[in-house]
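> Handing you this structure, nothing more for now.
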There are 2 protein chains.
Amino acid sequence: MTTTPSADSTNRQIRLAARPFGLPKPTDWATVEEPVREPADGRLLVEVSHISLDPAMRGWMNDVRSYIPPVGLGEVMRAGGIGRVRASRHPGFAVGDVVYGGFGVQEYADSDGLGVHRVDPDLAPLPTYLGALGITGLTAYFGLFDVGAAKPGQTVLVSGAAGAVGSVVGQLARLTGCRTVGIAGGPDKCRLLVEQFGYDAAIDYRSADLGAALREHCPDGVDVYFDNVGGDILNTALTRLARGARVVICGAISQYNNTEPPTGPSNYLSLLVNRASMTGMVVFDYASRYPEARAELAGWLADGRLISREDVVEGEVTDFPATLLRLFRGENTGKLVLKIR
Amino acid sequence: MTTTPSADSTNRQIRLAARPFGLPKPTDWATVEEPVREPADGRLLVEVSHISLDPAMRGWMNDVRSYIPPVGLGEVMRAGGIGRVRASRHPGFAVGDVVYGGFGVQEYADSDGLGVHRVDPDLAPLPTYLGALGITGLTAYFGLFDVGAAKPGQTVLVSGAAGAVGSVVGQLARLTGCRTVGIAGGPDKCRLLVEQFGYDAAIDYRSADLGAALREHCPDGVDVYFDNVGGDILNTALTRLARGARVVICGAISQYNNTEPPTGPSNYLSLLVNRASMTGMVVFDYASRYPEARAELAGWLADGRLISREDVVEGEVTDFPATLLRLFRGENTGKLVLKIR
């Protein structure tokens, strides 16, 4: 049974038109309209309601070897999203199901169901499935517990601490019994870190002497440094590692729009002095363990020990390019989501 | 019973006179003569015959926090060495024993016996106890097997591959069934890598395009990169990591005499793309396991599967400053040792 929107419905899509140099410009994108079609056998049609915006998207736009292939020129921009099944010829999904999947930046997605799963709108608000219950929360979970191996009593330092992943990492570390110190830009975010996300201390990298602040707030050194930003902040954090520290390389938002080669962490020999490690992570590697992690995250959300904060922008898919830039200006707190009106 | 050299014997010492800026200059050192004294109760007197020269010494001369305290100004320069017990009031050592210990750059060492152990001159030539059977071999062993977790069939890349540690790492990796690729400076060293140390391939970083050579010789990527040099070589090696690769940070000889901040590895995000790790090591952490490692290394030496190559300079303790500079000019192959005439 299908209830495809009327045959003359159109699907607006945001496609990658050019490889950006530095920050993506309007001319790097193209808006394309296509008719909405009945799904073929084994496929489903999803009307997208919420689109995830992630710093990693900037990397997907470059034509370089990475952990997934780049978005091709002329292709719909890759994005995770939430939507409602409007038509289905797939045995696993029924019309009306609310689903998560890699639907791309478009109003309607035609999907084979791979990587698509149902979400329960009664259990949590839909944006939360892109936040603490989505890839964001899973990244925080596996990065902190598996790669970072955070233990009670240890000091966990997080950069981008008011961002999507960072705001969850701090809370999970606090739940574990760690001392948590967050780095963010500006007094408003720093207040949020302490008041809402339970960080023991917040450092405003825009106004503080970061080295001095780290000496003050991490007097015994840093056992786990969860890095979302790279650049000078990573380099300074390396100077405060405790013996045996783990540096989790989750992202490097300060470097993604560089037009020159990125800055390397010149203090990397702190890894030797402190017998420390620096390890990169990609959350997709943990897919087989998503269910256990989601169950634990959902439990903490349900009992109020974990807050998922989303920064929801309401608009059209055509607002995606401008909304994405908010990430790189540091304007979001928590998970940035575009809700389609 | 003691047989201390005649009471008017003198002990020449090389002491640190000033903190070097860049390469150590003659004026950074002072030669001091002291009378040789009878050891006090519980102590022993060692006549030093062989002094170890190590890149790490340059770091010990800086007044910075590191994995061991710096050598103080006016103190005898720290060094491992081999010598013969000339007098003993220590229950663990007898006159005539040949011993390894941290005797410093001097002709006679007065020791409390801590960190001193007997070596067997019939089992191996004395310089070998500073090479493959000494800290050098132990560093290679624990760095490759514990930190690097090298497995049969994997590709192991080594920088400073003709040096003290590097020449052992390559051989241990080959013994493990790894493909081994060494980086060294100049055609003579590169020939040695293949002909004597059994490397599958050698890259002369002075003449080769390192990136192209790594693509040629490590077609499936690098599973373990054992880094002794840092700088541009580390940065280029990062571009060839295989998925899940381990980068062992053992040293950074290219950076030790910098007068400006060291170069950071700008390609560090390869750790993220490849889910790789970069881990610092200090061999002293493995002290409790030295016996097992020494036994295994001695077995391989005895059956000829491992060669310990030492570059032995004969001279006086006063030749130490000039000999040390050979390390930083890349003039040694294998372990650099000063044999006291």
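Just so we're on the same page: first chain in the structure tokens is A, next is B, and so on; residues restart at 1 for each chain, and ligands are numbered from 1 in the order they show up.
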Using only C-alpha atoms, find which residues of chain B lie within 6 Å of chain A and jot them down as a PyMOL selection string.
chain B and resi 66-67+262-266+271-273+275-281
> Can I get the residues of stretch 205-242 of chain A within 12 Å of stretch 183-200 of chain A, each with the closest pair of atoms and their distance in Å to one decimal, using only C-alpha atoms, sorted chain first then ascending number, as CSV?

```
residue,atom,partner,partner_atom,distance
A:Tyr205,CA,A:Gly185,CA,5.7
A:Arg206,CA,A:Gly185,CA,5.7
A:Ser207,CA,A:Gly186,CA,7.7
A:Ala208,CA,A:Gly185,CA,9.9
A:Asp209,CA,A:Ile183,CA,11.7
A:Leu210,CA,A:Ile183,CA,8.9
A:Gly211,CA,A:Ile183,CA,11.8
A:Ala213,CA,A:Ile183,CA,10.0
A:Leu214,CA,A:Ile183,CA,9.7
A:His217,CA,A:Asp200,CA,8.8
A:Cys218,CA,A:Asp200,CA,10.4
A:Tyr225,CA,A:Ile183,CA,10.8
A:Phe226,CA,A:Ile183,CA,10.4
A:Asp227,CA,A:Ile183,CA,9.9
A:Asn228,CA,A:Ile183,CA,10.2
A:Val229,CA,A:Ile183,CA,10.0
A:Ile233,CA,A:Ile183,CA,8.7
A:Leu234,CA,A:Ile183,CA,10.8
A:Thr236,CA,A:Ile183,CA,11.7
A:Ala237,CA,A:Ile183,CA,10.3
```
> I'd like the neighbourhood of B:Pro152 as a ChimeraX atom specification, where a residue qualifies if any of its atoms comes within 10 Å (using only C-alpha atoms), though same-chain residues fewer than 5 positions away should be ignored.
/B:173-179
> Determine, counting only C-alpha atoms, which protein, DNA and RNA residues have an atom within 7 Å of an atom of B:Leu157; residues of the same chain fewer than 3 positions away are not included. Present the result as number ranges by chain.
B: 180-182, 222, 224-226
> Any idea what the distance is between atom CA of B:Gly115 and atom CA of B:Glu310?
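Atom CA of B:Glu310 lies 22.5 Å from atom CA of B:Gly115.
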> I need the strand (DSSP E) residues of stretch 70-155 of chain B per DSSP on the backbone, written as a PyMOL selection string.
chain B and resi 81-88+98-101+108-111+117-118+155
> Would you kindly return, as a PyMOL selection string, each protein, DNA or RNA residue with an atom no farther than 12 Å from any atom of B:Tyr290, considering only C-alpha atoms and excluding same-chain residues fewer than 6 positions away?
chain B and resi 115+117+133-142+283-284+296-298
> Report as a short mmCIF file (atom, residue, chain, number, x, y, z; two decimals) with N, CA and C atoms, in the first residue's frame all protein, DNA and RNA residues lying within 12 Å of B:Gly315, evaluated on only C-alpha atoms, omitting residues in the same chain fewer than 5 positions from it.

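To be explicit, this is the file written out as out-v7.cif:
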```
data_model
loop_
_atom_site.label_atom_id
_atom_site.label_comp_id
_atom_site.auth_asym_id
_atom_site.auth_seq_id
_atom_site.Cartn_x
_atom_site.Cartn_y
_atom_site.Cartn_z
N SER B 49 84.69 1.32 30.82
CA SER B 49 85.39 0.96 29.59
C SER B 49 84.62 1.36 28.33
N HIS B 50 83.31 1.40 28.40
CA HIS B 50 82.49 1.71 27.22
C HIS B 50 81.35 2.64 27.65
N ILE B 51 81.17 3.72 26.88
CA ILE B 51 80.11 4.68 27.19
C ILE B 51 79.11 4.70 26.04
N GLU B 107 85.71 8.40 33.93
CA GLU B 107 86.58 7.22 33.88
C GLU B 107 86.29 6.24 35.01
N PHE B 320 84.07 12.58 24.29
CA PHE B 320 82.61 12.41 24.31
C PHE B 320 81.87 13.54 23.59
N PRO B 321 82.17 14.81 23.87
CA PRO B 321 81.38 15.88 23.23
C PRO B 321 81.41 15.81 21.70
N ALA B 322 82.58 15.59 21.14
CA ALA B 322 82.68 15.54 19.68
C ALA B 322 82.00 14.28 19.14
N THR B 323 82.11 13.18 19.87
CA THR B 323 81.50 11.93 19.41
C THR B 323 79.98 12.03 19.41
N VAL B 337 79.18 3.92 20.34
CA VAL B 337 79.80 3.60 21.64
C VAL B 337 81.18 4.25 21.69
N LEU B 338 81.49 4.88 22.80
CA LEU B 338 82.85 5.40 23.02
C LEU B 338 83.59 4.41 23.91
N LYS B 339 84.63 3.79 23.32
CA LYS B 339 85.44 2.84 24.08
C LYS B 339 86.62 3.61 24.67
N ILE B 340 86.76 3.53 25.99
CA ILE B 340 87.81 4.29 26.66
C ILE B 340 89.13 3.53 26.54
N ARG B 341 90.13 4.21 25.99
CA ARG B 341 91.45 3.57 25.80
C ARG B 341 92.12 3.37 27.14
#
```
> List every residue of stretch 81-175 of chain B that DSSP, applied to the backbone, labels as helix (DSSP H, G or I), and write the result as a list in words.
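So the helix (DSSP H, G or I) residues in stretch 81-175 of chain B would be Leu126, Pro127, Thr128, Tyr129, Ile135, Thr136, Gly137, Leu138, Thr139, Ala140, Tyr141, Phe142, Gly143, Leu144, Phe145, Asp146, Val147, Ala164, Val165, Gly166, Ser167, Val168, Val169, Gly170, Gln171, Leu172, Ala173, Arg174 and Leu175 of chain B.
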> Ranking A:Ala87, A:Ala149, A:Val165, A:Val71 by minimum distance to A:Asp110 and counting only C-alpha atoms, which one comes first?
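Using only C-alpha atoms, A:Asp110 sits closest to A:Ala87.
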> For B:Leu44, work out the shell of residues within 12 Å, counting only C-alpha atoms and skipping chain neighbours fewer than 5 positions away, then give it as a ChimeraX atom specification.
/B:1-4,36-39,83-97,99,101,103,108-114,116
> Which residue out of B:Thr128, B:Thr333, B:Ser52, B:Asn62 has the minimum interatomic distance to B:Pro24 when only C-alpha atoms are used?
B:Asn62
